[in-house]
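Source file: protein_9.cif (mmCIF, C-alpha atoms)
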```cif
data_entry
loop_
_atom_site.group_PDB
_atom_site.id
_atom_site.type_symbol
_atom_site.label_atom_id
_atom_site.label_comp_id
_atom_site.auth_asym_id
_atom_site.auth_seq_id
_atom_site.Cartn_x
_atom_site.Cartn_y
_atom_site.Cartn_z
ATOM 1 C CA MET A 1 100.419 109.033 87.477
ATOM 2 C CA ALA A 2 98.617 106.027 86.036
ATOM 3 C CA GLY A 3 96.395 103.418 87.572
ATOM 4 C CA ALA A 4 96.160 99.768 86.673
ATOM 5 C CA PRO A 5 94.529 99.191 83.283
ATOM 6 C CA LEU A 6 90.751 99.147 83.334
ATOM 7 C CA PHE A 7 89.823 95.501 82.784
ATOM 8 C CA LEU A 8 87.132 94.843 80.211
ATOM 9 C CA SER A 9 86.913 91.694 78.137
ATOM 10 C CA SER A 10 86.372 91.542 74.405
ATOM 11 C CA GLY A 11 84.523 88.273 74.923
ATOM 12 C CA ASP A 12 87.319 86.420 73.102
ATOM 13 C CA PRO A 13 90.163 85.191 75.376
ATOM 14 C CA THR A 14 92.519 85.104 72.398
ATOM 15 C CA LEU A 15 91.984 88.798 71.709
ATOM 16 C CA ASP A 16 92.242 89.653 75.407
ATOM 17 C CA ARG A 17 95.661 87.973 75.455
ATOM 18 C CA ARG A 18 96.707 89.999 72.416
ATOM 19 C CA VAL A 19 95.819 93.179 74.274
ATOM 20 C CA ASP A 20 97.881 92.012 77.266
ATOM 21 C CA TRP A 21 100.822 91.248 74.963
ATOM 22 C CA ALA A 22 100.468 94.630 73.306
ATOM 23 C CA ARG A 23 100.425 96.356 76.685
ATOM 24 C CA ALA A 24 103.633 94.486 77.625
ATOM 25 C CA LEU A 25 105.243 95.484 74.337
ATOM 26 C CA MET A 26 104.311 99.116 74.982
ATOM 27 C CA SER A 27 105.935 98.981 78.427
ATOM 28 C CA GLU A 28 109.114 97.701 76.722
ATOM 29 C CA GLY A 29 109.056 100.584 74.251
ATOM 30 C CA ASN A 30 108.028 98.432 71.287
ATOM 31 C CA ALA A 31 105.063 100.418 70.016
ATOM 32 C CA ALA A 32 105.457 99.182 66.433
ATOM 33 C CA ASP A 33 104.747 95.529 67.226
ATOM 34 C CA ALA A 34 102.043 96.548 69.698
ATOM 35 C CA GLU A 35 100.315 98.571 66.978
ATOM 36 C CA ILE A 36 100.208 95.533 64.676
ATOM 37 C CA LEU A 37 98.585 93.386 67.360
ATOM 38 C CA LEU A 38 96.096 96.065 68.327
ATOM 39 C CA ALA A 39 95.072 96.830 64.756
ATOM 40 C CA GLU A 40 94.140 93.165 64.433
ATOM 41 C CA VAL A 41 92.173 93.317 67.700
ATOM 42 C CA ALA A 42 90.306 96.422 66.518
ATOM 43 C CA GLU A 43 89.386 94.740 63.242
ATOM 44 C CA ARG A 44 88.159 91.553 64.905
ATOM 45 C CA ALA A 45 86.457 93.227 67.906
ATOM 46 C CA PRO A 46 85.355 96.688 66.757
ATOM 47 C CA GLY A 47 83.342 97.262 69.936
ATOM 48 C CA PHE A 48 86.213 96.533 72.343
ATOM 49 C CA LEU A 49 87.024 99.791 74.162
ATOM 50 C CA PRO A 50 90.491 99.000 75.650
ATOM 51 C CA GLY A 51 91.705 97.739 72.275
ATOM 52 C CA TRP A 52 90.931 101.037 70.556
ATOM 53 C CA PHE A 53 92.350 103.116 73.399
ATOM 54 C CA LEU A 54 95.621 101.202 73.532
ATOM 55 C CA LEU A 55 95.823 101.387 69.734
ATOM 56 C CA GLY A 56 95.648 105.163 70.104
ATOM 57 C CA GLU A 57 98.502 105.064 72.617
ATOM 58 C CA ALA A 58 100.615 102.889 70.316
ATOM 59 C CA ARG A 59 100.043 105.143 67.322
ATOM 60 C CA GLU A 60 100.757 108.223 69.422
ATOM 61 C CA ALA A 61 104.062 106.686 70.544
ATOM 62 C CA LEU A 62 104.898 106.092 66.872
ATOM 63 C CA GLY A 63 104.222 109.725 65.997
ATOM 64 C CA ASP A 64 101.042 108.942 64.046
ATOM 65 C CA ALA A 65 98.881 111.739 65.449
ATOM 66 C CA ALA A 66 96.106 111.334 62.892
ATOM 67 C CA GLY A 67 95.858 107.580 63.430
ATOM 68 C CA ALA A 68 96.008 107.997 67.191
ATOM 69 C CA GLY A 69 93.227 110.573 67.072
ATOM 70 C CA ASP A 70 91.036 108.249 65.026
ATOM 71 C CA ALA A 71 91.544 105.444 67.561
ATOM 72 C CA TYR A 72 90.830 107.690 70.548
ATOM 73 C CA ALA A 73 87.717 109.000 68.804
ATOM 74 C CA ARG A 74 86.471 105.417 68.395
ATOM 75 C CA ALA A 75 87.195 104.761 72.079
ATOM 76 C CA ARG A 76 85.230 107.846 73.101
ATOM 77 C CA ALA A 77 82.296 106.855 70.895
ATOM 78 C CA LEU A 78 82.234 103.423 72.561
ATOM 79 C CA ASP A 79 82.241 104.903 76.062
ATOM 80 C CA PRO A 80 80.190 108.111 76.464
ATOM 81 C CA GLU A 81 81.238 108.313 80.140
ATOM 82 C CA ASP A 82 84.870 108.423 78.942
ATOM 83 C CA ARG A 83 86.302 106.259 81.695
ATOM 84 C CA LEU A 84 89.693 106.055 79.960
ATOM 85 C CA GLY A 85 90.080 109.769 79.221
ATOM 86 C CA ALA A 86 89.943 109.642 75.416
ATOM 87 C CA THR A 87 88.641 113.223 75.328
ATOM 88 C CA LEU A 88 91.791 114.419 77.095
ATOM 89 C CA ARG A 89 93.992 112.524 74.643
ATOM 90 C CA LEU A 90 92.151 114.118 71.721
ATOM 91 C CA ALA A 91 92.640 117.566 73.230
ATOM 92 C CA ARG A 92 96.334 116.897 73.722
ATOM 93 C CA LEU A 93 96.562 115.997 70.035
ATOM 94 C CA GLY A 94 94.858 119.260 69.097
ATOM 95 C CA ARG A 95 91.658 117.594 67.860
ATOM 96 C CA ASP A 96 89.460 119.211 70.564
ATOM 97 C CA GLU A 97 89.454 122.289 72.758
ATOM 98 C CA ILE A 98 90.678 121.781 76.328
ATOM 99 C CA PRO A 99 87.773 119.990 78.050
ATOM 100 C CA GLU A 100 86.866 119.332 81.634
ATOM 101 C CA MET A 101 87.810 115.834 82.737
ATOM 102 C CA SER A 102 84.901 113.447 82.889
ATOM 103 C CA ALA A 103 83.938 112.420 86.401
ATOM 104 C CA ALA A 104 84.018 108.781 85.295
ATOM 105 C CA TYR A 105 87.641 109.134 84.157
ATOM 106 C CA VAL A 106 88.799 110.627 87.470
ATOM 107 C CA ARG A 107 86.780 108.113 89.483
ATOM 108 C CA THR A 108 88.127 105.160 87.501
ATOM 109 C CA LEU A 109 91.704 106.425 87.713
ATOM 110 C CA PHE A 110 91.709 106.877 91.469
ATOM 111 C CA ASP A 111 89.598 103.838 92.301
ATOM 112 C CA GLN A 112 92.315 101.747 90.633
ATOM 113 C CA TYR A 113 95.106 103.782 92.192
ATOM 114 C CA ALA A 114 93.810 104.111 95.758
ATOM 115 C CA GLU A 115 95.664 101.293 97.512
ATOM 116 C CA ARG A 116 99.015 102.442 96.043
ATOM 117 C CA PHE A 117 98.334 106.163 96.330
ATOM 118 C CA ASP A 118 100.183 107.107 99.520
ATOM 119 C CA LYS A 119 103.289 105.065 98.664
ATOM 120 C CA ALA A 120 103.365 106.477 95.136
ATOM 121 C CA LEU A 121 103.241 110.046 96.449
ATOM 122 C CA GLU A 122 106.103 109.289 98.825
ATOM 123 C CA ARG A 123 108.213 108.349 95.800
ATOM 124 C CA LEU A 124 107.207 111.636 94.149
ATOM 125 C CA ASP A 125 108.314 113.658 97.208
ATOM 126 C CA TYR A 126 104.775 114.909 97.689
ATOM 127 C CA ARG A 127 104.662 118.107 99.781
ATOM 128 C CA GLY A 128 101.040 119.195 99.447
ATOM 129 C CA PRO A 129 100.131 118.831 103.151
ATOM 130 C CA GLU A 130 103.139 120.853 104.318
ATOM 131 C CA LEU A 131 102.507 123.582 101.762
ATOM 132 C CA ILE A 132 98.821 123.968 102.656
ATOM 133 C CA HIS A 133 99.681 123.972 106.353
ATOM 134 C CA GLY A 134 102.404 126.571 105.851
ATOM 135 C CA ALA A 135 100.141 128.818 103.766
ATOM 136 C CA LEU A 136 97.484 128.741 106.482
ATOM 137 C CA ARG A 137 100.009 129.496 109.220
ATOM 138 C CA SER A 138 101.289 132.477 107.260
ATOM 139 C CA ALA A 139 97.755 133.691 106.520
ATOM 140 C CA CYS A 140 96.730 133.486 110.166
ATOM 141 C CA ASP A 141 99.918 135.283 111.244
ATOM 142 C CA GLN A 142 99.166 137.988 108.674
ATOM 143 C CA LEU A 143 95.622 138.345 110.038
ATOM 144 C CA GLY A 144 96.751 138.228 113.666
ATOM 145 C CA ARG A 145 94.740 135.200 114.682
ATOM 146 C CA PRO A 146 95.425 131.610 115.773
ATOM 147 C CA VAL A 147 95.581 128.690 113.365
ATOM 148 C CA ALA A 148 92.262 127.300 114.577
ATOM 149 C CA PHE A 149 89.094 126.517 112.651
ATOM 150 C CA ALA A 150 85.677 125.317 113.762
ATOM 151 C CA GLN A 151 84.443 123.786 110.468
ATOM 152 C CA ALA A 152 86.539 122.825 107.436
ATOM 153 C CA HIS A 153 85.927 121.126 104.104
ATOM 154 C CA ASP A 154 88.635 119.080 102.361
ATOM 155 C CA LEU A 155 88.041 119.126 98.581
ATOM 156 C CA GLY A 156 89.428 116.169 96.645
ATOM 157 C CA CYS A 157 90.460 114.711 99.983
ATOM 158 C CA GLY A 158 91.948 111.504 98.561
ATOM 159 C CA THR A 159 93.142 109.274 101.382
ATOM 160 C CA GLY A 160 93.210 112.234 103.788
ATOM 161 C CA LEU A 161 96.866 113.238 103.659
ATOM 162 C CA VAL A 162 96.204 116.984 103.940
ATOM 163 C CA GLY A 163 93.381 116.417 106.407
ATOM 164 C CA VAL A 164 95.705 114.541 108.775
ATOM 165 C CA ARG A 165 98.176 117.414 108.654
ATOM 166 C CA LEU A 166 95.484 119.947 109.607
ATOM 167 C CA ALA A 167 93.367 117.820 111.961
ATOM 168 C CA ASP A 168 94.760 119.311 115.173
ATOM 169 C CA HIS A 169 93.706 122.791 113.987
ATOM 170 C CA VAL A 170 90.121 121.907 113.013
ATOM 171 C CA GLY A 171 87.102 121.188 115.189
ATOM 172 C CA GLU A 172 85.001 119.354 112.577
ATOM 173 C CA MET A 173 86.116 118.335 109.104
ATOM 174 C CA GLY A 174 84.181 117.124 106.054
ATOM 175 C CA GLY A 175 85.704 115.639 102.933
ATOM 176 C CA VAL A 176 84.741 114.835 99.362
ATOM 177 C CA ASP A 177 86.383 112.840 96.605
ATOM 178 C CA LEU A 178 85.108 111.366 93.345
ATOM 179 C CA SER A 179 86.650 107.975 94.154
ATOM 180 C CA PRO A 180 84.727 105.719 96.580
ATOM 181 C CA ASN A 181 87.909 103.712 97.134
ATOM 182 C CA MET A 182 89.784 106.839 98.217
ATOM 183 C CA ILE A 183 86.901 107.788 100.511
ATOM 184 C CA ALA A 184 87.080 104.339 102.132
ATOM 185 C CA LEU A 185 90.766 104.873 102.907
ATOM 186 C CA ALA A 186 90.155 108.403 104.208
ATOM 187 C CA ARG A 187 87.451 107.049 106.538
ATOM 188 C CA ARG A 188 90.017 104.779 108.209
ATOM 189 C CA ARG A 189 91.904 107.832 109.471
ATOM 190 C CA GLY A 190 89.048 108.736 111.796
ATOM 191 C CA ILE A 191 89.431 112.491 111.332
ATOM 192 C CA TYR A 192 86.359 113.287 109.206
ATOM 193 C CA GLY A 193 82.894 113.846 110.561
ATOM 194 C CA ARG A 194 81.406 113.529 107.082
ATOM 195 C CA LEU A 195 82.769 111.972 103.893
ATOM 196 C CA VAL A 196 81.080 112.010 100.487
ATOM 197 C CA ALA A 197 81.996 110.177 97.292
ATOM 198 C CA GLY A 198 81.117 112.760 94.673
ATOM 199 C CA ASP A 199 81.989 115.913 92.776
ATOM 200 C CA MET A 200 83.542 118.686 94.872
ATOM 201 C CA VAL A 201 81.433 121.477 93.376
ATOM 202 C CA ASP A 202 78.212 119.488 93.890
ATOM 203 C CA TYR A 203 79.328 118.763 97.453
ATOM 204 C CA LEU A 204 79.797 122.471 98.181
ATOM 205 C CA ARG A 205 76.446 123.340 96.602
ATOM 206 C CA GLU A 206 74.749 121.060 99.108
ATOM 207 C CA ARG A 207 76.358 122.800 102.100
ATOM 208 C CA PRO A 208 74.698 125.766 103.850
ATOM 209 C CA ALA A 209 76.005 129.237 103.063
ATOM 210 C CA GLY A 210 78.539 130.592 105.537
ATOM 211 C CA GLU A 211 78.879 127.360 107.520
ATOM 212 C CA ALA A 212 82.672 126.944 107.320
ATOM 213 C CA ASP A 213 85.709 128.986 108.276
ATOM 214 C CA LEU A 214 88.125 126.907 106.171
ATOM 215 C CA VAL A 215 88.051 125.238 102.766
ATOM 216 C CA PHE A 216 91.208 123.571 101.430
ATOM 217 C CA ALA A 217 92.328 121.432 98.489
ATOM 218 C CA GLY A 218 95.722 119.809 98.104
ATOM 219 C CA ASP A 219 96.643 118.636 94.596
ATOM 220 C CA ALA A 220 92.974 118.516 93.581
ATOM 221 C CA PHE A 221 92.404 121.594 91.409
ATOM 222 C CA CYS A 222 94.850 120.209 88.823
ATOM 223 C CA TYR A 223 91.917 118.008 87.755
ATOM 224 C CA LEU A 224 89.733 121.066 87.025
ATOM 225 C CA ALA A 225 90.192 123.226 83.944
ATOM 226 C CA ASP A 226 87.820 126.008 85.039
ATOM 227 C CA LEU A 227 88.373 127.098 88.640
ATOM 228 C CA GLY A 228 85.439 129.510 88.570
ATOM 229 C CA PRO A 229 82.683 127.214 89.907
ATOM 230 C CA VAL A 230 84.705 125.718 92.763
ATOM 231 C CA LEU A 231 85.981 129.127 93.867
ATOM 232 C CA ALA A 232 82.500 130.658 93.749
ATOM 233 C CA GLU A 233 80.993 127.811 95.793
ATOM 234 C CA SER A 234 83.900 127.904 98.242
ATOM 235 C CA ARG A 235 83.213 131.588 98.869
ATOM 236 C CA ARG A 236 79.497 130.923 99.413
ATOM 237 C CA VAL A 237 80.202 128.183 101.953
ATOM 238 C CA LEU A 238 82.794 130.278 103.820
ATOM 239 C CA GLU A 239 81.722 132.668 106.543
ATOM 240 C CA PRO A 240 83.069 136.241 106.419
ATOM 241 C CA GLY A 241 86.704 135.997 107.456
ATOM 242 C CA GLY A 242 86.914 132.368 106.328
ATOM 243 C CA LEU A 243 90.033 131.098 104.553
ATOM 244 C CA LEU A 244 90.595 129.112 101.380
ATOM 245 C CA ALA A 245 93.933 127.356 100.784
ATOM 246 C CA PHE A 246 94.844 125.263 97.752
ATOM 247 C CA THR A 247 97.618 124.193 95.415
ATOM 248 C CA VAL A 248 97.702 124.180 91.627
ATOM 249 C CA GLU A 249 100.215 123.182 89.009
ATOM 250 C CA THR A 250 101.319 126.140 86.932
ATOM 251 C CA HIS A 251 103.092 127.176 83.731
ATOM 252 C CA GLY A 252 104.787 130.194 82.217
ATOM 253 C CA GLY A 253 102.140 131.016 79.651
ATOM 254 C CA ALA A 254 98.602 132.345 79.931
ATOM 255 C CA GLY A 255 95.356 130.693 80.950
ATOM 256 C CA VAL A 256 94.985 126.944 81.390
ATOM 257 C CA LEU A 257 97.262 124.279 79.916
ATOM 258 C CA LEU A 258 96.569 120.546 79.613
ATOM 259 C CA ARG A 259 99.911 118.987 80.467
ATOM 260 C CA ASP A 260 101.260 115.755 78.993
ATOM 261 C CA THR A 261 100.456 114.142 82.351
ATOM 262 C CA LEU A 262 96.761 114.868 81.616
ATOM 263 C CA ARG A 263 96.532 117.291 84.519
ATOM 264 C CA TYR A 264 95.786 120.986 84.163
ATOM 265 C CA ALA A 265 98.282 123.766 84.884
ATOM 266 C CA HIS A 266 96.929 127.234 85.728
ATOM 267 C CA ALA A 267 98.926 130.386 85.061
ATOM 268 C CA PRO A 268 99.380 132.747 88.042
ATOM 269 C CA ALA A 269 97.403 135.507 86.330
ATOM 270 C CA TYR A 270 94.542 133.093 85.661
ATOM 271 C CA VAL A 271 94.415 132.116 89.354
ATOM 272 C CA SER A 272 94.424 135.767 90.471
ATOM 273 C CA GLU A 273 91.649 136.667 88.035
ATOM 274 C CA ALA A 274 89.552 133.650 89.029
ATOM 275 C CA LEU A 275 89.848 134.565 92.720
ATOM 276 C CA ALA A 276 88.873 138.160 92.001
ATOM 277 C CA ALA A 277 85.879 137.017 89.951
ATOM 278 C CA ALA A 278 84.769 134.879 92.911
ATOM 279 C CA ARG A 279 85.194 137.893 95.230
ATOM 280 C CA LEU A 280 87.921 136.218 97.263
ATOM 281 C CA GLY A 281 90.832 138.310 98.470
ATOM 282 C CA LEU A 282 94.282 136.947 97.652
ATOM 283 C CA LEU A 283 96.476 136.752 100.761
ATOM 284 C CA SER A 284 99.427 134.900 99.269
ATOM 285 C CA CYS A 285 100.452 133.143 96.064
ATOM 286 C CA GLU A 286 103.832 131.439 96.347
ATOM 287 C CA GLU A 287 105.724 129.370 93.813
ATOM 288 C CA ALA A 288 106.091 125.883 95.262
ATOM 289 C CA SER A 289 106.169 122.363 93.858
ATOM 290 C CA THR A 290 103.957 119.731 95.424
ATOM 291 C CA ARG A 291 105.683 116.806 93.685
ATOM 292 C CA THR A 292 108.380 115.642 91.325
ATOM 293 C CA GLU A 293 108.025 113.859 87.987
ATOM 294 C CA LYS A 294 110.966 112.002 86.474
ATOM 295 C CA GLY A 295 113.094 113.494 89.210
ATOM 296 C CA GLU A 296 112.182 117.112 88.395
ATOM 297 C CA PRO A 297 109.941 119.413 90.479
ATOM 298 C CA VAL A 298 106.557 120.127 88.898
ATOM 299 C CA PRO A 299 106.012 123.917 88.833
ATOM 300 C CA GLY A 300 103.218 124.872 91.184
ATOM 301 C CA LEU A 301 101.589 127.524 93.329
ATOM 302 C CA VAL A 302 100.258 127.444 96.872
ATOM 303 C CA ILE A 303 97.521 130.002 97.478
ATOM 304 C CA ALA A 304 95.737 131.394 100.517
ATOM 305 C CA ALA A 305 92.656 133.581 100.081
ATOM 306 C CA LEU A 306 90.102 135.271 102.309
ATOM 307 C CA ARG A 307 86.385 135.867 102.182
ATOM 308 C CA ALA A 308 86.483 139.399 103.496
ATOM 309 C CA GLU A 309 82.749 140.035 103.819
#
```

Would you mind writing the file's structure down as structure tokens?
Amino acid sequence: MAGAPLFLSSGDPTLDRRVDWARALMSEGNAADAEILLAEVAERAPGFLPGWFLLGEAREALGDAAGAGDAYARARALDPEDRLGATLRLARLGRDEIPEMSAAYVRTLFDQYAERFDKALERLDYRGPELIHGALRSACDQLGRPVAFAQAHDLGCGTGLVGVRLADHVGEMGGVDLSPNMIALARRRGIYGRLVAGDMVDYLRERPAGEADLVFAGDAFCYLADLGPVLAESRRVLEPGGLLAFTVETHGGAGVLLRDTLRYAHAPAYVSEALAAARLGLLSCEEASTRTEKGEPVPGLVIAALRAE
């Protein structure tokens, strides 16, 4: 998934056009000629963030990991908020440990992507809403109670796709997303009593303890490396007997992996251990893909958990 390029000007229209040409060359698979153009841009406009970042992409496509890392490092130095995700690129190249994504990167990505988001997910055969709904139905059947909730919180709500699926089962629903543009689209659905543009963990910290009987997150935890804080705050906000349902991308190794898509994949054992550390009881953990990429299902898990006491 990629949004439109973040537009920043070098202050020189000639150099801006070179960046546009280089971006077009990259889309055609011609990284070599793009790299030549971008090296010139970097020399003439050493403070131009998109030039350095795209130079890193061109060098990476050419197999020049060292040169790509140097360019991404310059981009990160120019933008401490890391709106373009240079820190993630450096981690993928092995220059840094796996980091958390910067809030500015996620916000920028989805603010640019918001208007195309629902259509793009249709093309990717997105199944997050159905999977969350199914996990909650199964959990409620297992517990011998109806699929009905008084107060729910939708973490990383996006445009509200999962919220719409669950709306008939929830009395009052709140939602949070880092992207104001996504929040604006979610508001149009008319299903949320409260919507906040912000970090999901901060959002939960501001909620009273034990106020909700449901917390859910569809395709949102793949933007978190460490699930510990969000699981701990979800438990605090849930009342005894409250349910948590979420999806993650997964992999066959151990721990947390930063995928080439710049999303995190969490191993099943990691998820189980993180739930146990948060004192949440695992009800179900099923292998299920929320989406496809390049025509292939992305390995994933759909999880339901319980705050028992």

Could you write out as an MDAnalysis selection string the residues that the PyMOL selection byres ((chain A and resi 92-98) around 12) matches in the shown file?
chainID A and resid 56:57 59:61 63:73 85:91 99:101 224:226 255:265

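For the pair CA of Thr250 in chain A and CA of Ala274 in chain A, the interatomic distance is 14.1 Å.
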
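Closest approach to Gly51 in chain A from the set A:Ala31, A:Asp79, A:Leu238, A:Ala22 is made by A:Ala22, with distances taken over only C-alpha atoms.
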
Report as a ChimeraX atom specification the residues that result from applying the PyMOL selection byres ((chain A and resi 170) around 9) to the structure here.
/A:147-152,166-169,171-173,214

Once the PyMOL selection byres ((chain A and resi 39-44) around 12) has been evaluated on this model, what residues remain selected, and can you format them as a tab-separated table (two decimals) with C-alpha atoms, in the frame of the given file?
```tsv
chain	number	residue	atom	x	y	z
A	9	SER	CA	86.91	91.69	78.14
A	10	SER	CA	86.37	91.54	74.40
A	11	GLY	CA	84.52	88.27	74.92
A	12	ASP	CA	87.32	86.42	73.10
A	13	PRO	CA	90.16	85.19	75.38
A	14	THR	CA	92.52	85.10	72.40
A	15	LEU	CA	91.98	88.80	71.71
A	16	ASP	CA	92.24	89.65	75.41
A	17	ARG	CA	95.66	87.97	75.46
A	18	ARG	CA	96.71	90.00	72.42
A	19	VAL	CA	95.82	93.18	74.27
A	20	ASP	CA	97.88	92.01	77.27
A	21	TRP	CA	100.82	91.25	74.96
A	22	ALA	CA	100.47	94.63	73.31
A	31	ALA	CA	105.06	100.42	70.02
A	32	ALA	CA	105.46	99.18	66.43
A	33	ASP	CA	104.75	95.53	67.23
A	34	ALA	CA	102.04	96.55	69.70
A	35	GLU	CA	100.32	98.57	66.98
A	36	ILE	CA	100.21	95.53	64.68
A	37	LEU	CA	98.58	93.39	67.36
A	38	LEU	CA	96.10	96.06	68.33
A	45	ALA	CA	86.46	93.23	67.91
A	46	PRO	CA	85.36	96.69	66.76
A	47	GLY	CA	83.34	97.26	69.94
A	48	PHE	CA	86.21	96.53	72.34
A	49	LEU	CA	87.02	99.79	74.16
A	50	PRO	CA	90.49	99.00	75.65
A	51	GLY	CA	91.70	97.74	72.28
A	52	TRP	CA	90.93	101.04	70.56
A	53	PHE	CA	92.35	103.12	73.40
A	54	LEU	CA	95.62	101.20	73.53
A	55	LEU	CA	95.82	101.39	69.73
A	56	GLY	CA	95.65	105.16	70.10
A	57	GLU	CA	98.50	105.06	72.62
A	58	ALA	CA	100.62	102.89	70.32
A	59	ARG	CA	100.04	105.14	67.32
A	67	GLY	CA	95.86	107.58	63.43
A	68	ALA	CA	96.01	108.00	67.19
A	70	ASP	CA	91.04	108.25	65.03
A	71	ALA	CA	91.54	105.44	67.56
A	72	TYR	CA	90.83	107.69	70.55
A	74	ARG	CA	86.47	105.42	68.40
A	75	ALA	CA	87.20	104.76	72.08
```

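Using all atoms listed in the file, the nearest neighbour of Pro129 in chain A within the list A:Met200, A:Ala217, A:Leu25, A:Ala77 is A:Ala217.
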
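When CA of Arg188 in chain A is paired with CA of Tyr126 in chain A, their separation reads 20.8 Å.
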
Can you give me all heavy atoms for range 192-198 of chain A, written as a PDB file, keeping the file's coordinate frame?
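Wrote it out as out_16.pdb, contents follow:
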```
ATOM      1  N   TYR A 192      87.442 112.606 109.912  1.00  0.00           N
ATOM      2  CA  TYR A 192      86.359 113.287 109.206  1.00  0.00           C
ATOM      3  C   TYR A 192      85.018 112.990 109.856  1.00  0.00           C
ATOM      4  O   TYR A 192      84.683 111.839 110.125  1.00  0.00           O
ATOM      5  CB  TYR A 192      86.306 112.841 107.741  1.00  0.00           C
ATOM      6  CG  TYR A 192      87.520 113.234 106.934  1.00  0.00           C
ATOM      7  CD1 TYR A 192      88.558 112.338 106.733  1.00  0.00           C
ATOM      8  CD2 TYR A 192      87.615 114.498 106.360  1.00  0.00           C
ATOM      9  CE1 TYR A 192      89.670 112.695 105.980  1.00  0.00           C
ATOM     10  CE2 TYR A 192      88.718 114.868 105.614  1.00  0.00           C
ATOM     11  CZ  TYR A 192      89.751 113.959 105.435  1.00  0.00           C
ATOM     12  OH  TYR A 192      90.859 114.328 104.694  1.00  0.00           O
ATOM     13  N   GLY A 193      84.251 114.044 110.073  1.00  0.00           N
ATOM     14  CA  GLY A 193      82.894 113.846 110.561  1.00  0.00           C
ATOM     15  C   GLY A 193      81.937 113.444 109.461  1.00  0.00           C
ATOM     16  O   GLY A 193      80.923 112.790 109.708  1.00  0.00           O
ATOM     17  N   ARG A 194      82.274 113.819 108.221  1.00  0.00           N
ATOM     18  CA  ARG A 194      81.406 113.529 107.082  1.00  0.00           C
ATOM     19  C   ARG A 194      82.269 113.331 105.857  1.00  0.00           C
ATOM     20  O   ARG A 194      83.145 114.147 105.565  1.00  0.00           O
ATOM     21  CB  ARG A 194      80.440 114.695 106.854  1.00  0.00           C
ATOM     22  CG  ARG A 194      79.438 114.518 105.713  1.00  0.00           C
ATOM     23  CD  ARG A 194      78.459 115.691 105.733  1.00  0.00           C
ATOM     24  NE  ARG A 194      77.378 115.517 104.778  1.00  0.00           N
ATOM     25  CZ  ARG A 194      77.384 116.014 103.537  1.00  0.00           C
ATOM     26  NH1 ARG A 194      78.426 116.712 103.106  1.00  0.00           N
ATOM     27  NH2 ARG A 194      76.352 115.825 102.738  1.00  0.00           N
ATOM     28  N   LEU A 195      82.044 112.246 105.129  1.00  0.00           N
ATOM     29  CA  LEU A 195      82.769 111.972 103.893  1.00  0.00           C
ATOM     30  C   LEU A 195      81.768 111.632 102.800  1.00  0.00           C
ATOM     31  O   LEU A 195      80.817 110.870 103.029  1.00  0.00           O
ATOM     32  CB  LEU A 195      83.756 110.816 104.068  1.00  0.00           C
ATOM     33  CG  LEU A 195      85.059 111.150 104.798  1.00  0.00           C
ATOM     34  CD1 LEU A 195      85.769 109.878 105.226  1.00  0.00           C
ATOM     35  CD2 LEU A 195      85.971 111.999 103.916  1.00  0.00           C
ATOM     36  N   VAL A 196      81.995 112.196 101.608  1.00  0.00           N
ATOM     37  CA  VAL A 196      81.080 112.010 100.487  1.00  0.00           C
ATOM     38  C   VAL A 196      81.886 111.596  99.264  1.00  0.00           C
ATOM     39  O   VAL A 196      82.907 112.216  98.943  1.00  0.00           O
ATOM     40  CB  VAL A 196      80.309 113.314 100.185  1.00  0.00           C
ATOM     41  CG1 VAL A 196      79.481 113.171  98.915  1.00  0.00           C
ATOM     42  CG2 VAL A 196      79.424 113.692 101.366  1.00  0.00           C
ATOM     43  N   ALA A 197      81.422 110.558  98.585  1.00  0.00           N
ATOM     44  CA  ALA A 197      81.996 110.177  97.292  1.00  0.00           C
ATOM     45  C   ALA A 197      81.221 110.917  96.212  1.00  0.00           C
ATOM     46  O   ALA A 197      80.072 110.568  95.915  1.00  0.00           O
ATOM     47  CB  ALA A 197      81.913 108.672  97.079  1.00  0.00           C
ATOM     48  N   GLY A 198      81.816 111.970  95.664  1.00  0.00           N
ATOM     49  CA  GLY A 198      81.117 112.760  94.673  1.00  0.00           C
ATOM     50  C   GLY A 198      81.963 113.909  94.170  1.00  0.00           C
ATOM     51  O   GLY A 198      83.138 114.040  94.505  1.00  0.00           O
TER      52      GLY A 198
END
```
